[in-house]
Structures are given as structure tokens and as C-alpha cells.
file target_8.pdb (PDB, C-alpha atoms)
ATOM      1  CA  MET F   1     -16.861  18.001 -11.253
ATOM      2  CA  LEU F   2     -17.894  21.195 -13.078
ATOM      3  CA  ARG F   3     -15.354  23.449 -11.330
ATOM      4  CA  PRO F   4     -12.281  21.449 -12.474
ATOM      5  CA  ILE F   5     -13.677  21.307 -16.006
ATOM      6  CA  ALA F   6     -14.280  25.049 -15.999
ATOM      7  CA  LEU F   7     -10.694  25.588 -14.881
ATOM      8  CA  ILE F   8      -9.476  23.320 -17.677
ATOM      9  CA  VAL F   9     -11.338  25.443 -20.217
ATOM     10  CA  LEU F  10      -9.834  28.655 -18.859
ATOM     11  CA  ILE F  11      -6.398  27.087 -19.206
ATOM     12  CA  GLY F  12      -6.987  25.567 -22.619
ATOM     13  CA  LEU F  13      -8.737  28.289 -24.589
ATOM     14  CA  PRO F  14      -5.979  30.936 -24.331
ATOM     15  CA  LEU F  15      -3.595  28.326 -25.709
ATOM     16  CA  ALA F  16      -5.908  27.694 -28.623
ATOM     17  CA  ALA F  17      -5.473  31.325 -29.468
ATOM     18  CA  LEU F  18      -1.871  30.381 -30.426
ATOM     19  CA  SER F  19      -3.104  26.586 -32.261
ATOM     20  CA  GLU F  20       4.516  19.386 -28.821
ATOM     21  CA  ALA F  21       3.197  16.624 -29.460
ATOM     22  CA  PRO F  22       1.826  15.011 -26.336
ATOM     23  CA  PRO F  23       4.642  13.610 -24.224
ATOM     24  CA  PRO F  24       5.817  10.366 -25.783
ATOM     25  CA  GLN F  25       4.086   7.271 -24.527
ATOM     26  CA  GLN F  26       6.141   4.824 -22.494
ATOM     27  CA  THR F  27       7.126   1.599 -24.245
ATOM     28  CA  VAL F  28       5.184  -1.513 -23.302
ATOM     29  CA  PRO F  29       4.693  -4.629 -25.397
ATOM     30  CA  ARG F  30       1.641  -3.713 -27.439
ATOM     31  CA  ALA F  31      -0.527  -6.622 -26.360
ATOM     32  CA  ALA F  32      -0.027  -5.645 -22.712
ATOM     33  CA  ALA F  33      -0.527  -1.922 -23.041
ATOM     34  CA  ALA F  34      -3.764  -0.277 -21.995
ATOM     35  CA  GLU F  35      -5.721   1.170 -24.913
ATOM     36  CA  ARG F  36      -4.746   4.765 -25.592
ATOM     37  CA  PRO F  37      -6.916   6.310 -28.344
ATOM     38  CA  ASP F  38      -5.715   9.541 -29.897
ATOM     39  CA  GLY F  39      -8.981  11.287 -29.159
ATOM     40  CA  GLU F  40     -10.070  11.388 -32.813
ATOM     41  CA  GLN F  41     -13.343  10.005 -34.189
ATOM     42  CA  PRO F  42     -14.821   9.781 -37.680
ATOM     43  CA  ALA F  43     -16.766  12.906 -38.587
ATOM     44  CA  ASP F  44     -20.142  11.128 -38.619
ATOM     45  CA  GLN F  45     -19.540   9.733 -35.130
ATOM     46  CA  GLN F  46     -18.511  13.172 -33.867
ATOM     47  CA  ALA F  47     -21.675  14.727 -35.262
ATOM     48  CA  ALA F  48     -23.872  12.021 -33.748
ATOM     49  CA  ALA F  49     -22.186  12.351 -30.365
ATOM     50  CA  ALA F  50     -22.521  16.136 -30.400
ATOM     51  CA  GLU F  51     -26.229  15.948 -31.253
ATOM     52  CA  ALA F  52     -26.904  13.375 -28.527
ATOM     53  CA  ASP F  53     -25.050  15.345 -25.860
ATOM     54  CA  ASP F  54     -26.036  18.945 -26.577
ATOM     55  CA  ASP F  55     -27.073  19.468 -22.953
ATOM     56  CA  ASN F  56     -24.025  17.767 -21.428
ATOM     57  CA  VAL F  57     -21.491  20.227 -19.989
ATOM     58  CA  LEU F  58     -18.561  17.833 -20.436
ATOM     59  CA  ASP F  59     -19.252  17.143 -24.110
ATOM     60  CA  THR F  60     -19.936  20.823 -24.786
ATOM     61  CA  THR F  61     -16.666  21.862 -23.110
ATOM     62  CA  ARG F  62     -14.676  19.328 -25.107
ATOM     63  CA  GLY F  63     -16.419  20.413 -28.304
ATOM     64  CA  TYR F  64     -15.517  24.077 -27.732
ATOM     65  CA  VAL F  65     -11.850  23.252 -27.026
ATOM     66  CA  ARG F  66     -11.560  21.026 -30.083
ATOM     67  CA  GLY F  67     -13.461  23.474 -32.282
ATOM     68  CA  ALA F  68     -11.262  26.420 -31.258
ATOM     69  CA  THR F  69      -8.109  24.388 -31.895
ATOM     70  CA  GLU F  70      -9.350  23.263 -35.310
ATOM     71  CA  TRP F  71     -10.288  26.842 -36.224
ATOM     72  CA  LEU F  72      -6.759  27.976 -35.446
ATOM     73  CA  ALA F  73      -5.271  24.980 -37.277
ATOM     74  CA  ARG F  74      -7.206  25.839 -40.426
ATOM     75  CA  GLY F  75      -5.896  29.401 -40.312
ATOM     76  CA  VAL F  76      -2.278  28.348 -39.858
ATOM     77  CA  ASP F  77      -2.568  25.672 -42.565
ATOM     78  CA  SER F  78      -3.785  28.249 -45.068
ATOM     79  CA  TRP F  79      -0.396  29.980 -44.811
ATOM     80  CA  PHE F  80       1.254  27.009 -46.550
ATOM     81  CA  GLY F  81      -1.160  26.351 -49.436
ATOM     82  CA  ASP F  82      -4.771  26.044 -50.580
ATOM     83  CA  LYS F  83      -5.431  22.345 -49.913
ATOM     84  CA  PRO F  84      -8.631  22.002 -47.789
ATOM     85  CA  PHE F  85      -8.067  21.097 -44.141
ATOM     86  CA  GLU F  86     -10.522  18.194 -44.485
ATOM     87  CA  GLN F  87      -8.099  16.457 -46.835
ATOM     88  CA  GLY F  88      -5.767  15.008 -44.210
ATOM     89  CA  GLY F  89      -6.004  17.561 -41.409
ATOM     90  CA  SER F  90      -6.506  16.442 -37.811
ATOM     91  CA  VAL F  91      -6.143  17.624 -34.220
ATOM     92  CA  ALA F  92      -5.131  15.487 -31.222
ATOM     93  CA  GLY F  93      -4.452  16.957 -27.786
ATOM     94  CA  ARG F  94      -4.932  16.712 -24.064
ATOM     95  CA  ILE F  95      -5.436  19.030 -21.102
ATOM     96  CA  SER F  96      -4.626  17.784 -17.619
ATOM     97  CA  LEU F  97      -5.223  19.157 -14.146
ATOM     98  CA  GLY F  98      -3.701  17.506 -11.085
ATOM     99  CA  THR F  99      -2.695  17.977  -7.502
ATOM    100  CA  LEU F 100      -0.081  16.304  -5.353
ATOM    101  CA  TRP F 101       1.062  16.143  -1.757
ATOM    102  CA  ARG F 102       4.523  15.134  -0.685
ATOM    103  CA  GLN F 103       5.535  14.774   2.940
ATOM    104  CA  ASP F 104       8.807  16.655   2.534
ATOM    105  CA  GLU F 105       7.443  19.402   0.232
ATOM    106  CA  GLY F 106       3.713  19.940   0.855
ATOM    107  CA  PHE F 107       0.885  20.479  -1.677
ATOM    108  CA  ASP F 108       1.122  21.548  -5.310
ATOM    109  CA  LEU F 109      -1.293  22.112  -8.238
ATOM    110  CA  LEU F 110      -0.218  21.071 -11.729
ATOM    111  CA  THR F 111      -1.687  22.014 -15.107
ATOM    112  CA  ARG F 112      -0.536  20.829 -18.526
ATOM    113  CA  PHE F 113      -1.664  21.188 -22.124
ATOM    114  CA  ALA F 114      -0.325  19.591 -25.308
ATOM    115  CA  VAL F 115      -1.576  19.492 -28.904
ATOM    116  CA  ARG F 116      -0.225  18.043 -32.126
ATOM    117  CA  VAL F 117      -1.861  19.139 -35.356
ATOM    118  CA  ARG F 118      -1.628  17.578 -38.813
ATOM    119  CA  LEU F 119      -1.822  20.344 -41.401
ATOM    120  CA  PRO F 120      -2.416  19.064 -44.963
ATOM    121  CA  ASN F 121      -0.496  21.858 -46.679
ATOM    122  CA  LEU F 122       2.393  21.766 -44.218
ATOM    123  CA  GLU F 123       2.398  17.957 -44.198
ATOM    124  CA  ARG F 124       3.132  17.930 -47.916
ATOM    125  CA  LYS F 125       6.464  19.404 -46.869
ATOM    126  CA  GLY F 126       6.818  16.805 -44.080
ATOM    127  CA  GLY F 127       5.910  19.201 -41.273
ATOM    128  CA  PHE F 128       3.538  19.456 -38.300
ATOM    129  CA  LEU F 129       2.539  22.024 -35.672
ATOM    130  CA  PHE F 130       2.848  21.555 -31.888
ATOM    131  CA  LEU F 131       2.084  23.653 -28.822
ATOM    132  CA  GLY F 132       1.400  23.273 -25.107
ATOM    133  CA  ARG F 133       2.254  24.170 -21.541
ATOM    134  CA  ASP F 134       4.594  22.003 -19.442
ATOM    135  CA  ASN F 135       7.903  21.906 -17.589
ATOM    136  CA  GLU F 136      10.033  23.777 -20.096
ATOM    137  CA  LYS F 137      13.342  22.063 -19.284
ATOM    138  CA  GLU F 138      11.778  18.612 -19.581
ATOM    139  CA  VAL F 139      10.086  19.533 -22.865
ATOM    140  CA  VAL F 140      13.299  20.870 -24.395
ATOM    141  CA  SER F 141      15.482  17.986 -23.154
ATOM    142  CA  ASP F 142      12.831  15.410 -24.212
ATOM    143  CA  ARG F 143      13.074  13.666 -20.851
ATOM    144  CA  PRO F 144      10.958  10.469 -20.668
ATOM    145  CA  ASP F 145       7.683  10.705 -18.737
ATOM    146  CA  THR F 146       8.816   8.202 -16.105
ATOM    147  CA  PHE F 147      11.500  10.566 -14.790
ATOM    148  CA  THR F 148       9.636  13.880 -14.954
ATOM    149  CA  ARG F 149       8.812  15.837 -11.804
ATOM    150  CA  ARG F 150       5.129  15.128 -12.374
ATOM    151  CA  GLU F 151       5.604  11.345 -12.348
ATOM    152  CA  THR F 152       8.011  11.428  -9.386
ATOM    153  CA  LEU F 153       5.553  13.646  -7.469
ATOM    154  CA  ARG F 154       7.920  16.596  -7.047
ATOM    155  CA  GLN F 155       6.776  20.193  -6.705
ATOM    156  CA  GLU F 156       7.217  22.712  -9.498
ATOM    157  CA  THR F 157       7.323  26.500  -9.377
ATOM    158  CA  ARG F 158       5.735  28.841 -11.908
ATOM    159  CA  ASP F 159       9.209  29.409 -13.332
ATOM    160  CA  ASP F 160       9.481  25.681 -14.090
ATOM    161  CA  GLN F 161       6.471  25.692 -16.439
ATOM    162  CA  SER F 162       5.893  27.760 -19.554
ATOM    163  CA  PHE F 163       4.004  27.815 -22.849
ATOM    164  CA  PHE F 164       5.750  26.504 -25.932
ATOM    165  CA  ALA F 165       4.932  26.296 -29.636
ATOM    166  CA  GLY F 166       6.707  25.519 -32.871
ATOM    167  CA  LEU F 167       6.989  23.542 -36.082
ATOM    168  CA  GLY F 168       8.389  20.050 -36.610
ATOM    169  CA  ALA F 169       9.341  17.871 -39.539
ATOM    170  CA  GLN F 170       9.454  14.067 -39.832
ATOM    171  CA  ILE F 171      12.336  13.717 -42.269
ATOM    172  CA  ALA F 172      12.587   9.902 -42.002
ATOM    173  CA  ASP F 173      10.803   7.062 -40.229
ATOM    174  CA  THR F 174      13.215   7.366 -37.291
ATOM    175  CA  VAL F 175      14.319  11.012 -37.422
ATOM    176  CA  ALA F 176      12.347  14.156 -36.502
ATOM    177  CA  LEU F 177      13.332  17.809 -36.173
ATOM    178  CA  ARG F 178      11.548  20.456 -34.106
ATOM    179  CA  ALA F 179      12.094  24.162 -33.538
ATOM    180  CA  GLY F 180      10.038  26.626 -31.563
ATOM    181  CA  PHE F 181       9.769  29.069 -28.701
ATOM    182  CA  ARG F 182       9.260  28.529 -24.964
ATOM    183  CA  GLY F 183       8.504  30.937 -22.137
ATOM    184  CA  GLY F 184       7.769  33.811 -24.479
ATOM    185  CA  LEU F 185      10.363  34.280 -27.209
ATOM    186  CA  LYS F 186      13.140  31.943 -26.045
ATOM    187  CA  PRO F 187      14.038  29.760 -29.051
ATOM    188  CA  PHE F 188      14.870  26.062 -28.822
ATOM    189  CA  ALA F 189      15.601  23.271 -31.299
ATOM    190  CA  GLN F 190      15.657  19.470 -31.205
ATOM    191  CA  ALA F 191      16.827  16.595 -33.391
ATOM    192  CA  ARG F 192      15.454  13.188 -32.351
ATOM    193  CA  TYR F 193      16.344   9.680 -33.454
ATOM    194  CA  GLN F 194      13.928   6.994 -32.233
ATOM    195  CA  ASN F 195      13.692   3.339 -33.172
ATOM    196  CA  LEU F 196      11.920   0.241 -31.890
ATOM    197  CA  TRP F 197      13.019  -3.357 -32.414
ATOM    198  CA  ALA F 198      11.025  -6.521 -31.726
ATOM    199  CA  LEU F 199      13.058  -9.296 -30.084
ATOM    200  CA  GLY F 200      10.898 -12.323 -30.712
ATOM    201  CA  GLN F 201       7.190 -12.336 -29.919
ATOM    202  CA  SER F 202       7.423 -11.263 -26.264
ATOM    203  CA  ASN F 203      10.204  -8.661 -26.115
ATOM    204  CA  GLU F 204      10.961  -5.283 -27.601
ATOM    205  CA  ILE F 205      13.617  -2.636 -27.110
ATOM    206  CA  GLU F 206      13.381   1.083 -27.868
ATOM    207  CA  PHE F 207      16.265   3.529 -28.239
ATOM    208  CA  LYS F 208      15.880   7.298 -28.392
ATOM    209  CA  GLU F 209      18.558   9.968 -28.713
ATOM    210  CA  THR F 210      17.643  13.666 -28.632
ATOM    211  CA  LEU F 211      20.073  16.501 -29.281
ATOM    212  CA  PHE F 212      18.771  19.902 -28.143
ATOM    213  CA  TRP F 213      19.769  23.553 -28.024
ATOM    214  CA  THR F 214      18.431  26.596 -26.183
ATOM    215  CA  VAL F 215      19.597  30.185 -26.279
ATOM    216  CA  ASP F 216      20.084  30.192 -22.470
ATOM    217  CA  ASP F 217      21.581  26.759 -21.808
ATOM    218  CA  GLY F 218      23.398  25.932 -25.026
ATOM    219  CA  PHE F 219      23.626  22.362 -26.307
ATOM    220  CA  GLY F 220      22.701  19.106 -24.584
ATOM    221  CA  SER F 221      21.490  15.572 -25.195
ATOM    222  CA  THR F 222      19.167  12.955 -23.714
ATOM    223  CA  THR F 223      19.643   9.219 -24.236
ATOM    224  CA  ALA F 224      16.789   6.851 -23.357
ATOM    225  CA  LEU F 225      16.675   3.052 -23.503
ATOM    226  CA  ASN F 226      13.547   0.998 -22.752
ATOM    227  CA  PHE F 227      13.108  -2.765 -22.647
ATOM    228  CA  GLY F 228       9.688  -4.415 -22.456
ATOM    229  CA  HIS F 229       8.790  -8.042 -21.843
ATOM    230  CA  MET F 230       5.242  -9.337 -22.262
ATOM    231  CA  VAL F 231       4.537 -11.812 -19.456
ATOM    232  CA  ASP F 232       1.027 -12.502 -20.771
ATOM    233  CA  PRO F 233      -1.447 -10.549 -22.943
ATOM    234  CA  SER F 234      -2.384  -8.218 -20.064
ATOM    235  CA  LEU F 235       0.836  -8.090 -18.003
ATOM    236  CA  ALA F 236       4.149  -6.477 -18.965
ATOM    237  CA  LEU F 237       7.532  -6.035 -17.320
ATOM    238  CA  ARG F 238       9.394  -2.889 -18.317
ATOM    239  CA  TRP F 239      12.866  -1.526 -17.583
ATOM    240  CA  GLN F 240      13.593   2.100 -18.474
ATOM    241  CA  SER F 241      16.664   4.294 -18.194
ATOM    242  CA  ALA F 242      17.599   7.807 -19.292
ATOM    243  CA  ALA F 243      20.588  10.160 -19.069
ATOM    244  CA  THR F 244      20.577  13.899 -19.806
ATOM    245  CA  TRP F 245      23.612  16.124 -20.242
ATOM    246  CA  SER F 246      23.594  19.884 -20.705
ATOM    247  CA  HIS F 247      25.821  22.853 -20.012
ATOM    248  CA  GLU F 248      23.820  23.773 -16.915
ATOM    249  CA  THR F 249      24.234  20.414 -15.136
ATOM    250  CA  ASP F 250      27.304  19.490 -13.076
ATOM    251  CA  GLY F 251      27.417  16.104 -14.764
ATOM    252  CA  VAL F 252      24.816  13.750 -16.183
ATOM    253  CA  ALA F 253      21.279  13.643 -14.760
ATOM    254  CA  TRP F 254      20.258   9.985 -14.861
ATOM    255  CA  GLY F 255      17.338   7.786 -13.869
ATOM    256  CA  SER F 256      16.354   4.124 -14.007
ATOM    257  CA  SER F 257      13.177   2.238 -13.216
ATOM    258  CA  VAL F 258      11.758  -1.275 -13.373
ATOM    259  CA  GLY F 259       8.065  -2.045 -13.086
ATOM    260  CA  LEU F 260       5.084  -4.276 -13.741
ATOM    261  CA  TYR F 261       2.073  -2.999 -15.716
ATOM    262  CA  LYS F 262      -1.262  -4.804 -15.585
ATOM    263  CA  GLY F 263      -4.023  -3.934 -18.036
ATOM    264  CA  PHE F 264      -7.693  -4.560 -17.221
ATOM    265  CA  GLY F 265      -9.162  -3.472 -20.572
ATOM    266  CA  LEU F 266     -11.130  -0.306 -21.347
ATOM    267  CA  GLN F 267      -8.048   1.875 -20.661
ATOM    268  CA  ARG F 268      -7.734   0.620 -17.082
ATOM    269  CA  GLN F 269      -4.171  -0.009 -15.937
ATOM    270  CA  LEU F 270      -2.366  -0.661 -12.650
ATOM    271  CA  SER F 271       1.401  -0.257 -12.356
ATOM    272  CA  LEU F 272       4.019  -0.842  -9.657
ATOM    273  CA  GLU F 273       7.512   0.587 -10.135
ATOM    274  CA  ALA F 274      10.845   0.905  -8.323
ATOM    275  CA  LEU F 275      13.018   3.805  -9.435
ATOM    276  CA  VAL F 276      16.283   5.581  -8.679
ATOM    277  CA  SER F 277      17.725   8.884  -9.922
ATOM    278  CA  GLY F 278      20.695  11.152  -9.415
ATOM    279  CA  GLU F 279      23.321  13.359 -11.032
ATOM    280  CA  THR F 280      26.989  12.603 -11.508
ATOM    281  CA  GLY F 281      29.183  15.303 -10.038
ATOM    282  CA  GLY F 282      26.330  16.590  -7.862
ATOM    283  CA  ASP F 283      26.128  16.945  -4.078
ATOM    284  CA  SER F 284      24.544  13.501  -3.918
ATOM    285  CA  GLU F 285      25.075  11.211  -6.896
ATOM    286  CA  VAL F 286      22.004   9.153  -5.876
ATOM    287  CA  SER F 287      19.548  11.913  -5.038
ATOM    288  CA  GLU F 288      16.490   9.704  -4.589
ATOM    289  CA  TYR F 289      15.105   6.209  -4.841
ATOM    290  CA  GLY F 290      11.629   4.923  -4.117
ATOM    291  CA  VAL F 291       8.556   2.967  -5.179
ATOM    292  CA  ARG F 292       5.255   4.108  -6.655
ATOM    293  CA  THR F 293       1.985   2.587  -7.776
ATOM    294  CA  LYS F 294      -0.483   4.169 -10.192
ATOM    295  CA  TRP F 295      -4.056   3.425 -11.236
ATOM    296  CA  GLU F 296      -5.534   4.907 -14.447
ATOM    297  CA  GLN F 297      -9.078   4.634 -15.805
ATOM    298  CA  PRO F 298     -11.736   6.593 -17.766
ATOM    299  CA  ILE F 299     -14.384   8.389 -15.735
ATOM    300  CA  TYR F 300     -16.507   9.607 -18.661
ATOM    301  CA  LYS F 301     -16.664   7.920 -22.068
ATOM    302  CA  ASP F 302     -13.162   7.152 -23.359
ATOM    303  CA  TRP F 303     -11.684  10.659 -23.323
ATOM    304  CA  LEU F 304     -11.951  11.912 -19.720
ATOM    305  CA  LEU F 305      -9.506   9.924 -17.622
ATOM    306  CA  ALA F 306      -8.438   9.932 -13.975
ATOM    307  CA  GLU F 307      -5.287   8.694 -12.263
ATOM    308  CA  VAL F 308      -4.103   8.208  -8.685
ATOM    309  CA  ILE F 309      -0.425   7.788  -7.750
ATOM    310  CA  LEU F 310       0.911   6.664  -4.353
ATOM    311  CA  GLY F 311       4.648   6.690  -3.683
ATOM    312  CA  TYR F 312       7.235   6.301  -0.945
ATOM    313  CA  PHE F 313      10.653   7.883  -1.502
ATOM    314  CA  TRP F 314      14.061   8.173   0.152
ATOM    315  CA  PRO F 315      15.490  11.590  -0.919
ATOM    316  CA  ARG F 316      18.942  12.985  -0.102
ATOM    317  CA  LYS F 317      19.963  16.574  -0.814
ATOM    318  CA  ASP F 318      23.737  16.192  -0.377
ATOM    319  CA  SER F 319      26.394  13.823   0.874
ATOM    320  CA  VAL F 320      26.447  15.269   4.407
ATOM    321  CA  THR F 321      22.671  15.122   4.944
ATOM    322  CA  GLU F 322      21.036  11.949   6.180
ATOM    323  CA  ARG F 323      18.702  10.341   3.645
ATOM    324  CA  GLY F 324      15.078  11.160   4.438
ATOM    325  CA  ARG F 325      11.783   9.342   3.975
ATOM    326  CA  SER F 326       8.682  10.757   2.360
ATOM    327  CA  TRP F 327       5.165   9.603   1.446
ATOM    328  CA  ALA F 328       3.657  11.137  -1.686
ATOM    329  CA  LEU F 329       0.160  11.132  -3.176
ATOM    330  CA  GLY F 330      -1.021  12.521  -6.483
ATOM    331  CA  ALA F 331      -4.339  12.665  -8.356
ATOM    332  CA  GLY F 332      -5.393  14.157 -11.662
ATOM    333  CA  ILE F 333      -7.857  14.223 -14.541
ATOM    334  CA  GLN F 334      -7.086  14.429 -18.244
ATOM    335  CA  MET F 335      -9.315  15.436 -21.123
ATOM    336  CA  ARG F 336      -8.346  14.189 -24.573
ATOM    337  CA  PHE F 337      -9.758  15.856 -27.665
TER     338      PHE F 337
END

call {"tool": "encode", "arguments": {"input": "target_8.pdb", "output": "C-alpha cells"}}
result
Amino acid sequence: MLRPIALIVLIGLPLAALSEAPPPQQTVPRAAAAERPDGEQPADQQAAAAEADDDNVLDTTRGYVRGATEWLARGVDSWFGDKPFEQGGSVAGRISLGTLWRQDEGFDLLTRFAVRVRLPNLERKGGFLFLGRDNEKEVVSDRPDTFTRRETLRQETRDDQSFFAGLGAQIADTVALRAGFRGGLKPFAQARYQNLWALGQSNEIEFKETLFWTVDDGFGSTTALNFGHMVDPSLALRWQSAATWSHETDGVAWGSSVGLYKGFGLQRQLSLEALVSGETGGDSEVSEYGVRTKWEQPIYKDWLLAEVILGYFWPRKDSVTERGRSWALGAGIQMRF
């Protein structure tokens, strides 16, 4: 257990030397969703926990990561005014380390980091700070979690992932703007509209439209639509779909999924999903379909979580190649702070 945590620290601390919001959560009727705390605690509870766990490596590691991030946040916030950080400032982030095996691709090791910081002086102007490390194309295009390479258990190269950081502004309840840099000094910008409507007591629908721009790929957009139905207080049915267009794609990259999500309390959740994805104008318009099941639960307190994903997929590279079959297995841990 100590070696993965040590690796997490080595990944996280260099990022703190810089100080996106964590990838958006998937929509589920609220009564059926597993609890997902933001990692923050009242100051008195934090102090009590730190004192009680001085000799615990896990608590100490988390404390160092959070402390370094807060130290950086205070410094950045001071650029925008003299309001004390304690008056509205907060830090919420997560570091994840995972591995996967896929029958048609082999093994892979994945690392991710994301932090969103509320800065009192910047917040007076409607702004916030974000940073992290993730698949840079998925971050820029704002692709929903369900259809990312991580969730579909696909390998990624080092070129696929990069560090990113920037500033955002919530200019209305449903509209947010972000601008920053990825992979060094490559600028990108986003404008996101997101809204959620309740349809009676058991249904809700969420719409999200993101316009984005990068210096390399030009303009693009991602449209996402999610529908959730609460079967009972601990069971939800969810249908999700997304379509992304950009100058670098032959057409529109699309994906759709339908699944059941069962909560067992205390952040424990089991899900079973069927999904399909493809790209219009590509070599194979339906590039893959499959099923996957995922189990999530805490393994230490409420901020160190583990997940296991098992999937079976039918991929197809092009229209002349026979569709293959592939088992896939993934596992990971996530530290929230």
C-alpha cells in the first residue's frame, strides 16, 4: 500500500508547485447517487484528525499534498487583492493511480491529477483556478467521463496526457468560461453551457454544450445529453450520449450508453452499462460496442477510494477488418483532498 501512495506523492507534489476542476460527475438522480464528498472538512475537524493520525502515513501524505496546494493557492490569491484566504478560500482535488489490461492492447499504467481552487480575491471577480494532468484532448473537448479512454479501458501514450492549468469564470448559473495552457505553453479556451431540469420526482435531464479552441486544432464543440430515472432510492437508470466535432476529426466522434447504478451507502456503488461509440466519416462508423461493470468503495476513511472495472468489447478498426472480441480489466485508487 505504501509504494502506490509514495508514487502518488511524487506525481502530485510537482503539480502543486504550479497550484480543471475535477472531471464533471455523471448525472444520476440525487437520491440514487453514491455519496461523493468534495474532500473538504471544517477546520476544527481537520485539526483533530491531523492530531489523531500524526503517525499514519496515509493521513500525513494527504496532509502534505493539501498543505502544499493551499500554500500555492494563497500565493496566487494574493495577486488579486488583500482579502485573507480564510475568508472563502478552499481547495478540492484528487490524485488517481490505476492500471488496466485489455486483451487486444496489453497492460497500461494511468495517472491523473485534478484540483479546483476557490480564491477569495479572484472569486470577487467571478473567477477560479484549475490545474491537473489528464488526457489533453479529452480535457479540452470536455468529453464526458463515460466515453473517455480511461472509462472504456483503452491504452494511452505519454503524448496523450499532459499537464494543464488556467483560470475560469462562472459568469452565470449555467455559463462558465475557462482559458489556460496544456502540454507546456499550448493555449486553449472553453465556453460551457450546462443546465439540469427535474422532470417530476423521479426523472431529470441534463444538457451540456461546450465550445472549445486550441492553437493546434482550431475550433470544435461537444454536445452531451444525459437522462436519469430513479427506480428506487438506491437504484438509478441512466442514458448518456455525447458528440464531439473538431477540425482534426473526419466527422463527429459520438458515443452512447445505458446503464443501471446501484448504491449501497458509504460511497459504495455497483454499475452495469452497455455502450457503443464511433465516428462518422471514419473507417468504421461503429468502432466499438461492449458492456462493463464497475465497483467503487472507500478503502480508508472517506477520501481514499478504490475501483475495479471489468469489460467485454467488440472493436473494429475499419470496414474491411472483421470485428474482434476483447476482455478488459482495470483497477485504481483515488485520493481526495

call {"tool": "resolve_selection", "arguments": {"input": "target_8.pdb", "expression": "the PyMOL selection byres ((chain F and resi 328) around 9)", "output": "list in words"}}
result
Leu100, Trp101, Arg102, Gln103, Asp104, Thr152, Leu153, Arg154, Arg292, Ile309, Leu310, Gly311, Tyr312, Phe313, Ser326, Trp327, Leu329 and Gly330 of chain F

call {"tool": "residues_near_point", "arguments": {"input": "target_8.pdb", "point": "(-6.1, 10.8, -19.6)", "cutoff": "6 Å", "atoms": "all atoms listed in the file", "output": "JSON, numbers by chain"}}
result
{"F": [304, 305, 334, 335]}

call {"tool": "resolve_selection", "arguments": {"input": "target_8.pdb", "expression": "the PyMOL selection byres ((chain F and resi 173) around 10)", "output": "PDB file with C-alpha atoms, keeping the file's coordinate frame"}}
result
ATOM      1  CA  GLN F 170       9.454  14.067 -39.832  1.00  0.00           C
ATOM      2  CA  ILE F 171      12.336  13.717 -42.269  1.00  0.00           C
ATOM      3  CA  ALA F 172      12.587   9.902 -42.002  1.00  0.00           C
ATOM      4  CA  THR F 174      13.215   7.366 -37.291  1.00  0.00           C
ATOM      5  CA  VAL F 175      14.319  11.012 -37.422  1.00  0.00           C
ATOM      6  CA  ALA F 176      12.347  14.156 -36.502  1.00  0.00           C
ATOM      7  CA  TYR F 193      16.344   9.680 -33.454  1.00  0.00           C
ATOM      8  CA  GLN F 194      13.928   6.994 -32.233  1.00  0.00           C
ATOM      9  CA  ASN F 195      13.692   3.339 -33.172  1.00  0.00           C
TER      10      ASN F 195
END

call {"tool": "atom_distance", "arguments": {"input": "target_8.pdb", "atom1": "CA of Ser319 (chain F)", "atom2": "CA of Trp254 (chain F)"}}
result
17.3 Å

call {"tool": "resolve_selection", "arguments": {"input": "target_8.pdb", "expression": "the PyMOL selection byres ((chain F and resi 146) around 12)", "output": "PyMOL selection string"}}
result
chain F and resi 23-27+138+142-145+147-153+224-226+238-242+254-259+271+273-277+292+294

call {"tool": "residues_near_point", "arguments": {"input": "target_8.pdb", "point": "(15.5, 11.7, -27.1)", "cutoff": "6 Å", "atoms": "all atoms listed in the file", "output": "PDB file with C-alpha atoms, in the coordinates of the input"}}
result
ATOM      1  CA  ASP F 142      12.831  15.410 -24.212  1.00  0.00           C
ATOM      2  CA  ARG F 192      15.454  13.188 -32.351  1.00  0.00           C
ATOM      3  CA  LYS F 208      15.880   7.298 -28.392  1.00  0.00           C
ATOM      4  CA  GLU F 209      18.558   9.968 -28.713  1.00  0.00           C
ATOM      5  CA  THR F 210      17.643  13.666 -28.632  1.00  0.00           C
ATOM      6  CA  THR F 222      19.167  12.955 -23.714  1.00  0.00           C
ATOM      7  CA  THR F 223      19.643   9.219 -24.236  1.00  0.00           C
TER       8      THR F 223
END
